[in-house]
Each structure stands twice: as C-alpha cells, then as structure tokens.
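Quick look at data-v1.csv (CSV, N, CA and C atoms):
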chain,number,residue,atom,x,y,z
O,1,MET,N,16.2,90.6,24.9
O,1,MET,CA,15.8,90.9,23.6
O,1,MET,C,15.0,89.8,23.0
O,2,TRP,N,15.4,88.5,23.3
O,2,TRP,CA,14.6,87.4,22.7
O,2,TRP,C,13.2,87.4,23.3
O,3,GLY,N,13.1,87.8,24.6
O,3,GLY,CA,11.8,87.8,25.2
O,3,GLY,C,10.9,88.9,24.5
O,4,LEU,N,11.5,90.0,24.2
O,4,LEU,CA,10.7,91.0,23.5
O,4,LEU,C,10.2,90.5,22.1
O,5,LEU,N,11.1,89.8,21.4
O,5,LEU,CA,10.7,89.2,20.1
O,5,LEU,C,9.6,88.1,20.3
O,6,ALA,N,9.8,87.3,21.3
O,6,ALA,CA,8.8,86.2,21.5
O,6,ALA,C,7.4,86.8,21.9
O,7,ALA,N,7.4,87.8,22.7
O,7,ALA,CA,6.2,88.5,23.2
O,7,ALA,C,5.5,89.1,22.0
O,8,ARG,N,6.3,89.8,21.1
O,8,ARG,CA,5.6,90.4,20.0
O,8,ARG,C,5.1,89.4,19.0
O,9,TRP,N,5.8,88.3,18.8
O,9,TRP,CA,5.4,87.2,17.8
O,9,TRP,C,4.2,86.5,18.3
O,10,THR,N,4.1,86.3,19.6
O,10,THR,CA,2.9,85.5,20.1
O,10,THR,C,1.8,86.4,20.6
O,11,GLY,N,2.0,87.7,20.8
O,11,GLY,CA,1.0,88.6,21.3
O,11,GLY,C,0.7,88.5,22.7
O,12,VAL,N,1.6,87.8,23.4
O,12,VAL,CA,1.5,87.6,24.9
O,12,VAL,C,2.4,88.7,25.6
O,13,GLY,N,1.9,89.3,26.7
O,13,GLY,CA,2.6,90.3,27.4
O,13,GLY,C,3.9,89.7,28.0
O,14,LEU,N,5.0,90.5,28.0
O,14,LEU,CA,6.3,90.1,28.5
O,14,LEU,C,6.4,90.5,30.0
O,15,VAL,N,6.7,89.5,30.9
O,15,VAL,CA,6.9,89.8,32.3
O,15,VAL,C,8.4,89.5,32.6
O,16,VAL,N,9.0,90.5,33.2
O,16,VAL,CA,10.5,90.3,33.5
O,16,VAL,C,10.7,90.2,35.0
O,17,HIS,N,11.4,89.1,35.3
O,17,HIS,CA,11.7,88.8,36.7
O,17,HIS,C,13.0,89.5,37.1
O,18,LEU,N,13.0,90.4,38.1
O,18,LEU,CA,14.2,91.2,38.5
O,18,LEU,C,14.7,90.7,39.8
O,19,ARG,N,15.9,90.1,39.8
O,19,ARG,CA,16.5,89.6,41.1
O,19,ARG,C,17.6,90.5,41.6
O,20,GLN,N,18.1,91.4,40.9
O,20,GLN,CA,19.2,92.3,41.3
O,20,GLN,C,19.1,93.6,40.7
O,21,PRO,N,19.7,94.7,41.2
O,21,PRO,CA,19.7,96.0,40.6
O,21,PRO,C,20.2,96.0,39.2
O,22,PRO,N,19.8,96.9,38.4
O,22,PRO,CA,20.2,96.9,37.0
O,22,PRO,C,21.6,97.5,36.8
O,23,THR,N,22.3,97.1,35.8
O,23,THR,CA,23.6,97.6,35.4
O,23,THR,C,23.5,98.5,34.2
O,24,TYR,N,22.3,98.8,33.8
O,24,TYR,CA,22.0,99.6,32.6
O,24,TYR,C,20.7,100.4,32.8
O,25,HIS,N,20.5,101.4,31.9
O,25,HIS,CA,19.3,102.2,32.0
O,25,HIS,C,18.3,101.5,31.1
O,26,VAL,N,17.0,101.5,31.5
O,26,VAL,CA,15.9,100.9,30.8
O,26,VAL,C,15.4,102.0,29.8
O,27,THR,N,15.5,101.8,28.6
O,27,THR,CA,15.0,102.8,27.6
O,27,THR,C,13.5,102.8,27.6
O,28,PRO,N,12.9,103.9,27.3
O,28,PRO,CA,11.4,104.0,27.2
O,28,PRO,C,10.9,103.0,26.1
O,29,TRP,N,11.6,102.8,25.1
O,29,TRP,CA,11.2,101.8,24.0
O,29,TRP,C,11.0,100.4,24.6
O,30,VAL,N,12.0,100.0,25.4
O,30,VAL,CA,11.9,98.7,26.1
O,30,VAL,C,10.8,98.7,27.1
O,31,ASP,N,10.8,99.7,27.9
O,31,ASP,CA,9.8,99.8,29.0
O,31,ASP,C,8.4,99.7,28.5
O,32,ARG,N,8.1,100.3,27.4
O,32,ARG,CA,6.7,100.3,26.8
O,32,ARG,C,6.3,98.9,26.4
O,33,ARG,N,7.3,98.1,26.1
O,33,ARG,CA,7.0,96.7,25.6
O,33,ARG,C,7.0,95.6,26.7
O,34,VAL,N,7.3,96.0,27.9
O,34,VAL,CA,7.3,95.1,29.0
O,34,VAL,C,5.9,95.3,29.7
O,35,HIS,N,5.2,94.2,29.8
O,35,HIS,CA,3.9,94.3,30.4
O,35,HIS,C,4.0,94.5,31.9
O,36,ARG,N,4.9,93.8,32.6
O,36,ARG,CA,5.1,94.0,34.0
O,36,ARG,C,6.6,93.6,34.4
O,37,TRP,N,7.2,94.4,35.3
O,37,TRP,CA,8.5,94.1,35.9
O,37,TRP,C,8.2,93.6,37.3
O,38,LEU,N,8.7,92.4,37.6
O,38,LEU,CA,8.5,91.8,39.0
O,38,LEU,C,9.8,91.7,39.7
O,39,ALA,N,9.9,92.5,40.8
O,39,ALA,CA,11.1,92.6,41.6
O,39,ALA,C,10.9,91.7,42.9
O,40,VAL,N,12.0,91.1,43.3
O,40,VAL,CA,12.0,90.2,44.5
O,40,VAL,C,12.0,91.0,45.8
O,41,SER,N,12.3,92.3,45.8
O,41,SER,CA,12.3,93.1,47.0
O,41,SER,C,12.0,94.6,46.6
O,42,GLU,N,11.6,95.3,47.6
O,42,GLU,CA,11.4,96.8,47.4
O,42,GLU,C,12.7,97.5,47.0
O,43,ALA,N,13.8,97.0,47.6
O,43,ALA,CA,15.1,97.7,47.2
O,43,ALA,C,15.4,97.5,45.7
O,44,VAL,N,15.2,96.2,45.2
O,44,VAL,CA,15.4,96.0,43.8
O,44,VAL,C,14.4,96.8,43.0
O,45,ALA,N,13.2,96.9,43.4
O,45,ALA,CA,12.2,97.6,42.6
O,45,ALA,C,12.6,99.1,42.6
O,46,ILE,N,13.0,99.7,43.7
O,46,ILE,CA,13.4,101.1,43.7
O,46,ILE,C,14.6,101.3,42.7
O,47,ALA,N,15.5,100.4,42.7
O,47,ALA,CA,16.7,100.5,41.8
O,47,ALA,C,16.3,100.5,40.4
O,48,TRP,N,15.3,99.6,40.0
O,48,TRP,CA,14.9,99.5,38.6
O,48,TRP,C,14.1,100.7,38.2
O,49,ARG,N,13.2,101.2,39.1
O,49,ARG,CA,12.5,102.4,38.8
O,49,ARG,C,13.4,103.6,38.6
O,50,ALA,N,14.5,103.7,39.4
O,50,ALA,CA,15.4,104.8,39.2
O,50,ALA,C,16.1,104.7,37.8
O,51,LYS,N,16.2,103.5,37.2
O,51,LYS,CA,16.8,103.3,35.9
O,51,LYS,C,15.8,103.4,34.8
O,52,GLY,N,14.5,103.7,35.1
O,52,GLY,CA,13.6,103.9,34.0
O,52,GLY,C,12.5,102.9,33.9
O,53,ALA,N,12.4,101.9,34.7
O,53,ALA,CA,11.4,100.9,34.6
O,53,ALA,C,10.1,101.4,35.2
O,54,THR,N,9.0,101.2,34.6
O,54,THR,CA,7.7,101.6,35.2
O,54,THR,C,6.9,100.3,35.4
O,55,ARG,N,5.8,100.3,36.0
O,55,ARG,CA,5.0,99.1,36.3
O,55,ARG,C,5.7,98.0,37.0
O,56,VAL,N,6.5,98.4,38.0
O,56,VAL,CA,7.3,97.5,38.7
O,56,VAL,C,6.5,97.1,40.0
O,57,GLU,N,6.4,95.8,40.2
O,57,GLU,CA,5.7,95.2,41.3
O,57,GLU,C,6.6,94.4,42.1
O,58,VAL,N,6.4,94.3,43.4
O,58,VAL,CA,7.3,93.5,44.3
O,58,VAL,C,6.5,92.2,44.5
O,59,VAL,N,7.2,91.1,44.2
O,59,VAL,CA,6.7,89.7,44.5
O,59,VAL,C,7.8,89.0,45.1
O,60,PRO,N,7.9,88.9,46.5
O,60,PRO,CA,9.0,88.3,47.1
O,60,PRO,C,9.1,86.8,46.8
O,61,ASN,N,10.3,86.3,46.9
O,61,ASN,CA,10.5,84.8,46.8
O,61,ASN,C,9.8,84.2,48.0
O,62,GLY,N,9.0,83.2,47.7
O,62,GLY,CA,8.3,82.6,48.8
O,62,GLY,C,9.1,81.5,49.5
O,63,VAL,N,9.0,81.5,50.8
O,63,VAL,CA,9.7,80.4,51.6
O,63,VAL,C,8.7,79.9,52.7
O,64,ASP,N,8.4,78.6,52.6
O,64,ASP,CA,7.5,78.0,53.6
O,64,ASP,C,8.3,77.7,54.9
O,65,PRO,N,8.0,78.5,56.0
O,65,PRO,CA,8.8,78.2,57.2
O,65,PRO,C,8.6,76.8,57.8
O,66,MET,N,7.5,76.2,57.5
O,66,MET,CA,7.2,74.8,58.0
O,66,MET,C,8.1,73.8,57.3
O,67,ALA,N,8.7,74.1,56.2
O,67,ALA,CA,9.6,73.2,55.5
O,67,ALA,C,11.0,73.2,56.2
O,68,TYR,N,11.2,74.2,57.0
O,68,TYR,CA,12.6,74.3,57.7
O,68,TYR,C,12.3,74.4,59.2
O,69,PRO,N,12.1,73.3,59.9
O,69,PRO,CA,11.8,73.3,61.3
O,69,PRO,C,13.1,73.7,62.1
O,70,ALA,N,12.8,74.3,63.3
O,70,ALA,CA,14.0,74.7,64.1
O,70,ALA,C,14.8,73.5,64.5
O,71,PRO,N,16.1,73.6,64.4
O,71,PRO,CA,17.0,72.5,64.8
O,71,PRO,C,16.9,72.2,66.3
O,72,VAL,N,17.0,70.9,66.6
O,72,VAL,CA,16.9,70.4,68.0
O,72,VAL,C,18.4,70.4,68.5
O,73,GLY,N,18.6,70.9,69.7
O,73,GLY,CA,19.9,70.8,70.3
O,73,GLY,C,20.9,71.8,69.6
O,74,ARG,N,20.4,73.0,69.3
O,74,ARG,CA,21.1,74.0,68.6
O,74,ARG,C,22.4,74.4,69.4
O,75,THR,N,23.5,74.6,68.7
O,75,THR,CA,24.7,75.0,69.3
O,75,THR,C,24.6,76.4,70.0
O,76,PRO,N,25.1,76.5,71.2
O,76,PRO,CA,25.0,77.8,71.9
O,76,PRO,C,25.9,78.8,71.2
O,77,GLY,N,25.5,80.1,71.2
O,77,GLY,CA,26.2,81.1,70.6
O,77,GLY,C,25.6,81.6,69.3
O,78,ARG,N,26.4,82.3,68.5
O,78,ARG,CA,25.9,82.9,67.2
O,78,ARG,C,25.9,81.8,66.1
O,79,SER,N,24.9,81.9,65.3
O,79,SER,CA,24.9,81.0,64.1
O,79,SER,C,24.7,81.9,62.9
O,80,VAL,N,25.3,81.6,61.8
O,80,VAL,CA,25.1,82.3,60.5
O,80,VAL,C,24.6,81.2,59.5
O,81,LEU,N,23.5,81.5,58.8
O,81,LEU,CA,22.9,80.6,57.8
O,81,LEU,C,23.2,81.1,56.4
O,82,TYR,N,23.7,80.3,55.5
O,82,TYR,CA,23.7,80.5,54.1
O,82,TYR,C,22.6,79.6,53.5
O,83,LEU,N,21.6,80.2,52.9
O,83,LEU,CA,20.5,79.4,52.3
O,83,LEU,C,20.5,79.8,50.8
O,84,GLY,N,20.9,78.8,50.0
O,84,GLY,CA,20.9,79.1,48.6
O,84,GLY,C,21.6,78.0,47.8
O,85,ARG,N,21.7,78.2,46.5
O,85,ARG,CA,22.4,77.3,45.7
O,85,ARG,C,23.9,77.3,45.9
O,86,PHE,N,24.6,76.2,45.9
O,86,PHE,CA,26.0,76.1,46.0
O,86,PHE,C,26.6,76.3,44.6
O,87,ALA,N,26.9,77.5,44.2
O,87,ALA,CA,27.4,77.7,42.8
O,87,ALA,C,28.4,78.8,42.9
O,88,PRO,N,29.4,78.7,42.0
O,88,PRO,CA,30.5,79.7,42.0
O,88,PRO,C,30.1,81.1,42.0
O,89,GLU,N,29.0,81.5,41.2
O,89,GLU,CA,28.6,82.9,41.1
O,89,GLU,C,28.0,83.4,42.4
O,90,LYS,N,27.7,82.6,43.4
O,90,LYS,CA,27.2,83.0,44.7
O,90,LYS,C,28.2,83.6,45.6
O,91,GLY,N,29.5,83.4,45.2
O,91,GLY,CA,30.6,84.0,46.0
O,91,GLY,C,30.9,83.3,47.3
O,92,LEU,N,30.6,82.0,47.4
O,92,LEU,CA,30.9,81.2,48.6
O,92,LEU,C,32.4,81.0,48.8
O,93,ASP,N,33.2,81.2,47.8
O,93,ASP,CA,34.6,81.1,48.0
O,93,ASP,C,35.1,82.3,48.8
O,94,ILE,N,34.4,83.4,48.7
O,94,ILE,CA,34.8,84.6,49.5
O,94,ILE,C,34.3,84.3,51.0
O,95,LEU,N,33.2,83.8,51.1
O,95,LEU,CA,32.7,83.4,52.5
O,95,LEU,C,33.6,82.4,53.1
O,96,ALA,N,34.1,81.4,52.4
O,96,ALA,CA,35.0,80.4,53.0
O,96,ALA,C,36.3,81.0,53.4
O,97,ARG,N,36.8,82.0,52.6
O,97,ARG,CA,38.1,82.7,53.0
O,97,ARG,C,37.9,83.6,54.2
O,98,ALA,N,36.7,84.2,54.3
O,98,ALA,CA,36.5,85.2,55.4
O,98,ALA,C,36.0,84.5,56.7
O,99,TRP,N,35.5,83.3,56.6
O,99,TRP,CA,34.9,82.7,57.7
O,99,TRP,C,35.8,82.6,58.9
O,100,PRO,N,37.1,82.3,58.8
O,100,PRO,CA,38.0,82.2,59.9
O,100,PRO,C,38.1,83.5,60.7
O,101,LEU,N,37.7,84.7,60.1
O,101,LEU,CA,37.7,86.0,60.8
O,101,LEU,C,36.5,86.2,61.7
O,102,VAL,N,35.5,85.3,61.6
O,102,VAL,CA,34.3,85.4,62.5
O,102,VAL,C,34.5,84.6,63.7
O,103,PRO,N,34.6,85.3,64.9
O,103,PRO,CA,34.9,84.5,66.1
O,103,PRO,C,33.6,83.9,66.7
O,104,ASP,N,33.8,82.7,67.3
O,104,ASP,CA,32.7,82.1,68.1
O,104,ASP,C,31.4,82.0,67.4
O,105,ALA,N,31.3,81.5,66.2
O,105,ALA,CA,30.1,81.4,65.4
O,105,ALA,C,30.1,80.1,64.6
O,106,THR,N,28.9,79.6,64.4
O,106,THR,CA,28.7,78.4,63.6
O,106,THR,C,28.1,78.8,62.3
O,107,LEU,N,28.7,78.2,61.2
O,107,LEU,CA,28.2,78.5,59.9
O,107,LEU,C,27.4,77.3,59.5
O,108,VAL,N,26.1,77.5,59.1
O,108,VAL,CA,25.3,76.5,58.6
O,108,VAL,C,24.9,76.8,57.1
O,109,ALA,N,25.2,75.9,56.2
O,109,ALA,CA,24.9,76.1,54.8
O,109,ALA,C,23.9,75.1,54.3
O,110,ALA,N,22.8,75.6,53.7
O,110,ALA,CA,21.8,74.7,53.2
O,110,ALA,C,21.4,75.1,51.7
O,111,GLY,N,21.2,74.0,50.9
O,111,GLY,CA,20.8,74.3,49.5
O,111,GLY,C,21.3,73.2,48.6
O,112,PRO,N,20.9,73.3,47.4
O,112,PRO,CA,21.4,72.3,46.4
O,112,PRO,C,22.8,72.5,45.9
O,113,GLY,N,23.5,71.5,45.5
O,113,GLY,CA,24.8,71.6,45.0
O,113,GLY,C,25.8,71.0,46.0
O,114,ASP,N,27.1,71.1,45.6
O,114,ASP,CA,28.2,70.5,46.4
O,114,ASP,C,28.9,71.6,47.2
O,115,GLY,N,28.6,71.8,48.5
O,115,GLY,CA,29.2,72.8,49.3
O,115,GLY,C,30.7,72.5,49.5
O,116,CYS,N,31.1,71.2,49.6
O,116,CYS,CA,32.5,70.9,49.9
O,116,CYS,C,33.4,71.3,48.7
O,117,ALA,N,32.8,71.2,47.5
O,117,ALA,CA,33.6,71.6,46.3
O,117,ALA,C,33.9,73.1,46.3
O,118,LEU,N,33.1,73.9,47.1
O,118,LEU,CA,33.3,75.3,47.1
O,118,LEU,C,34.0,75.8,48.3
O,119,GLY,N,34.6,74.9,49.0
O,119,GLY,CA,35.4,75.3,50.2
O,119,GLY,C,34.7,75.5,51.5
O,120,LEU,N,33.5,75.0,51.6
O,120,LEU,CA,32.7,75.1,52.8
O,120,LEU,C,32.7,73.8,53.6
O,121,ALA,N,33.8,73.1,53.6
O,121,ALA,CA,33.8,71.8,54.3
O,121,ALA,C,33.5,71.9,55.7
O,122,GLY,N,33.8,73.1,56.4
O,122,GLY,CA,33.6,73.2,57.8
O,122,GLY,C,32.2,73.6,58.1
O,123,ALA,N,31.3,73.8,57.1
O,123,ALA,CA,29.9,74.1,57.4
O,123,ALA,C,29.1,72.8,57.6
O,124,SER,N,28.0,73.0,58.4
O,124,SER,CA,27.1,71.9,58.5
O,124,SER,C,26.2,71.9,57.3
O,125,ALA,N,26.2,70.9,56.5
O,125,ALA,CA,25.4,70.9,55.3
O,125,ALA,C,24.1,70.3,55.5
O,126,LEU,N,23.0,71.0,55.3
O,126,LEU,CA,21.7,70.5,55.5
O,126,LEU,C,21.1,69.8,54.3
O,127,GLY,N,21.6,70.2,53.1
O,127,GLY,CA,21.1,69.6,51.9
O,127,GLY,C,19.8,70.3,51.5
O,128,GLU,N,19.1,69.6,50.6
O,128,GLU,CA,17.8,70.1,50.1
O,128,GLU,C,16.7,69.7,51.0
O,129,PRO,N,15.6,70.5,51.2
O,129,PRO,CA,14.5,70.1,52.1
O,129,PRO,C,13.7,69.0,51.4
As structure tokens, how would this structure be written, given the file I've shared?
Amino acid sequence: MWGLLAARWTGVGLVVHLRQPPTYHVTPWVDRRVHRWLAVSEAVAIAWRAKGATRVEVVPNGVDPMAYPAPVGRTPGRSVLYLGRFAPEKGLDILARAWPLVPDATLVAAGPGDGCALGLAGASALGEP
C-alpha cells in the first residue's frame, strides 16, 4: 500500500518484486497501478498470474558461479547444500531436526548469519563469499 502511495505521489512507476506465491488475490485496481511485477521464477510468475497479476516478468536471482569454486577434496557420497541467509523464517530448525533421517549424506550450509544458533552445528559452514 505504501508503495502505491509513493508511486502516485512521485509519478514513478511501481515495480513489485515477487519472491513467493501470493496468499491473496490481486485486485484489478491494484494491478492497474503496478507498472511491472518481477518474479524470481516462472513458477512464482504463474502463481501470481493465476491470482490476477498482469505484466509479470521473470527475472531470476543472479548467482555468479565463479564466486563459488568447486571444493577440493570433496567428501565421497551425497552432499546437500543449503545456500541462503541463516534466519528463523528460513525453516532451518526443521532441517536440523530432519537431518538425522538422511542417511550417508553431508550437509553443507553457506550464507550470512549464525548457523550454529539455528541448530546446524553439524553442518560445514562456508560463510559469506
């Protein structure tokens, strides 16, 4: 709502960044006032279009593969990577509780924040690039 007011006040088009599927229907009144909806994936774009958003474009989050070189001396077997912020809303507490059920695999967690505080003490923490 504040974005709509700011866009109207300044005369600048409103661009909305969509990171997850909507939990509400987009009214035509709101949709007409949004210059562009930017979704991080085609799945998110489809979900928003189904709820009434038009002018939805997909702009994936960019990741530079050269910033994350392949590890040397990788552990044999399966590896699972969590790459993201260490924050309660990411559900890492659920991952930590479920991880003992995954046989013969290594969990690698990378990103900003304190992974140990979220119960991921058994993960190899790579930290920020």
Notebook entry, point to check: Using only N, CA and C atoms, what residues lie at most 7 Å away from (14.0, 102.8, 30.0) (file coordinates), given as a list of chain:residue names?
Noted result: O:His25, O:Val26, O:Thr27, O:Pro28, O:Trp29, O:Val30, O:Asp31, O:Arg32, O:Lys51, O:Gly52, O:Ala53, O:Thr54
Margin query: Give me the residues near Arg36 of chain O as a list in words, where near means some atom within 5 Å (using all atoms listed in the file) and where sequence neighbours in that chain fewer than 6 positions away do not count.
Written below: Leu14, Val15 and Val16 of chain O
Notebook entry, point to check: When you draw a straight line from atom CA of Ala110 of chain O to atom CA of Ala67 of chain O, how long is it in Å?
Noted result: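 Distance reported for this atom pair: 12.5 Å.
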Next item on the list: Counting only C-alpha atoms, note down every residue that has an atom within 8 Å of the point (7.9, 89.2, 43.4) (file coordinates), as number ranges by chain.
Entry: O: 17, 38-41, 57-61
Next item on the list: Find the residues around Leu81 of chain O up to 8 Å (all atoms listed in the file counted), leave out those fewer than 3 positions away in its own chain, and share them as a list in words.
Entry: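 After dropping sequence-adjacent residues, the list is Arg78, Gly84, Thr106, Leu107, Val108, Ala109 and Ala110 of chain O.
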Could the residues in this selection be saved with N, CA and C atoms as a PDB file, in the frame of the given file?
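Now in part_23.pdb:
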ATOM      1  N   ARG O  78      26.400  82.300  68.500  1.00  0.00           N
ATOM      2  CA  ARG O  78      25.900  82.900  67.200  1.00  0.00           C
ATOM      3  C   ARG O  78      25.900  81.800  66.100  1.00  0.00           C
ATOM      4  N   GLY O  84      20.900  78.800  50.000  1.00  0.00           N
ATOM      5  CA  GLY O  84      20.900  79.100  48.600  1.00  0.00           C
ATOM      6  C   GLY O  84      21.600  78.000  47.800  1.00  0.00           C
ATOM      7  N   THR O 106      28.900  79.600  64.400  1.00  0.00           N
ATOM      8  CA  THR O 106      28.700  78.400  63.600  1.00  0.00           C
ATOM      9  C   THR O 106      28.100  78.800  62.300  1.00  0.00           C
ATOM     10  N   LEU O 107      28.700  78.200  61.200  1.00  0.00           N
ATOM     11  CA  LEU O 107      28.200  78.500  59.900  1.00  0.00           C
ATOM     12  C   LEU O 107      27.400  77.300  59.500  1.00  0.00           C
ATOM     13  N   VAL O 108      26.100  77.500  59.100  1.00  0.00           N
ATOM     14  CA  VAL O 108      25.300  76.500  58.600  1.00  0.00           C
ATOM     15  C   VAL O 108      24.900  76.800  57.100  1.00  0.00           C
ATOM     16  N   ALA O 109      25.200  75.900  56.200  1.00  0.00           N
ATOM     17  CA  ALA O 109      24.900  76.100  54.800  1.00  0.00           C
ATOM     18  C   ALA O 109      23.900  75.100  54.300  1.00  0.00           C
ATOM     19  N   ALA O 110      22.800  75.600  53.700  1.00  0.00           N
ATOM     20  CA  ALA O 110      21.800  74.700  53.200  1.00  0.00           C
ATOM     21  C   ALA O 110      21.400  75.100  51.700  1.00  0.00           C
TER      22      ALA O 110
END
Next item on the list: Using atom CA of Gly113 of chain O and atom CA of Phe86 of chain O as the two end points, give the distance in Å to one decimal.
Entry: 4.8 Å
Next item on the list: Rounded to one decimal place, report the atom CA of Trp48 of chain O-atom CA of Pro21 of chain O distance in Å.
Entry: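 Taking atom CA of Trp48 of chain O as the start and atom CA of Pro21 of chain O as the end point, the length is 6.3 Å.
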Could you pull out all residues of segment 26-104 of chain O with a DSSP call of alpha helix (DSSP H) and give them as a compact mmCIF listing (two decimals) with N, CA and C atoms, keeping the file's coordinate frame?
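And here's states39.txt as it stands now:
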# COMPACT_ATOMS: atom_id res chain seq x y z
N PRO O 28 12.90 103.90 27.30
CA PRO O 28 11.40 104.00 27.20
C PRO O 28 10.90 103.00 26.10
N TRP O 29 11.60 102.80 25.10
CA TRP O 29 11.20 101.80 24.00
C TRP O 29 11.00 100.40 24.60
N VAL O 30 12.00 100.00 25.40
CA VAL O 30 11.90 98.70 26.10
C VAL O 30 10.80 98.70 27.10
N ASP O 31 10.80 99.70 27.90
CA ASP O 31 9.80 99.80 29.00
C ASP O 31 8.40 99.70 28.50
N ARG O 32 8.10 100.30 27.40
CA ARG O 32 6.70 100.30 26.80
C ARG O 32 6.30 98.90 26.40
N ARG O 33 7.30 98.10 26.10
CA ARG O 33 7.00 96.70 25.60
C ARG O 33 7.00 95.60 26.70
N GLU O 42 11.60 95.30 47.60
CA GLU O 42 11.40 96.80 47.40
C GLU O 42 12.70 97.50 47.00
N ALA O 43 13.80 97.00 47.60
CA ALA O 43 15.10 97.70 47.20
C ALA O 43 15.40 97.50 45.70
N VAL O 44 15.20 96.20 45.20
CA VAL O 44 15.40 96.00 43.80
C VAL O 44 14.40 96.80 43.00
N ALA O 45 13.20 96.90 43.40
CA ALA O 45 12.20 97.60 42.60
C ALA O 45 12.60 99.10 42.60
N ILE O 46 13.00 99.70 43.70
CA ILE O 46 13.40 101.10 43.70
C ILE O 46 14.60 101.30 42.70
N ALA O 47 15.50 100.40 42.70
CA ALA O 47 16.70 100.50 41.80
C ALA O 47 16.30 100.50 40.40
N TRP O 48 15.30 99.60 40.00
CA TRP O 48 14.90 99.50 38.60
C TRP O 48 14.10 100.70 38.20
N ARG O 49 13.20 101.20 39.10
CA ARG O 49 12.50 102.40 38.80
C ARG O 49 13.40 103.60 38.60
N ALA O 50 14.50 103.70 39.40
CA ALA O 50 15.40 104.80 39.20
C ALA O 50 16.10 104.70 37.80
N LEU O 92 30.60 82.00 47.40
CA LEU O 92 30.90 81.20 48.60
C LEU O 92 32.40 81.00 48.80
N ASP O 93 33.20 81.20 47.80
CA ASP O 93 34.60 81.10 48.00
C ASP O 93 35.10 82.30 48.80
N ILE O 94 34.40 83.40 48.70
CA ILE O 94 34.80 84.60 49.50
C ILE O 94 34.30 84.30 51.00
N LEU O 95 33.20 83.80 51.10
CA LEU O 95 32.70 83.40 52.50
C LEU O 95 33.60 82.40 53.10
N ALA O 96 34.10 81.40 52.40
CA ALA O 96 35.00 80.40 53.00
C ALA O 96 36.30 81.00 53.40
N ARG O 97 36.80 82.00 52.60
CA ARG O 97 38.10 82.70 53.00
C ARG O 97 37.90 83.60 54.20
N ALA O 98 36.70 84.20 54.30
CA ALA O 98 36.50 85.20 55.40
C ALA O 98 36.00 84.50 56.70
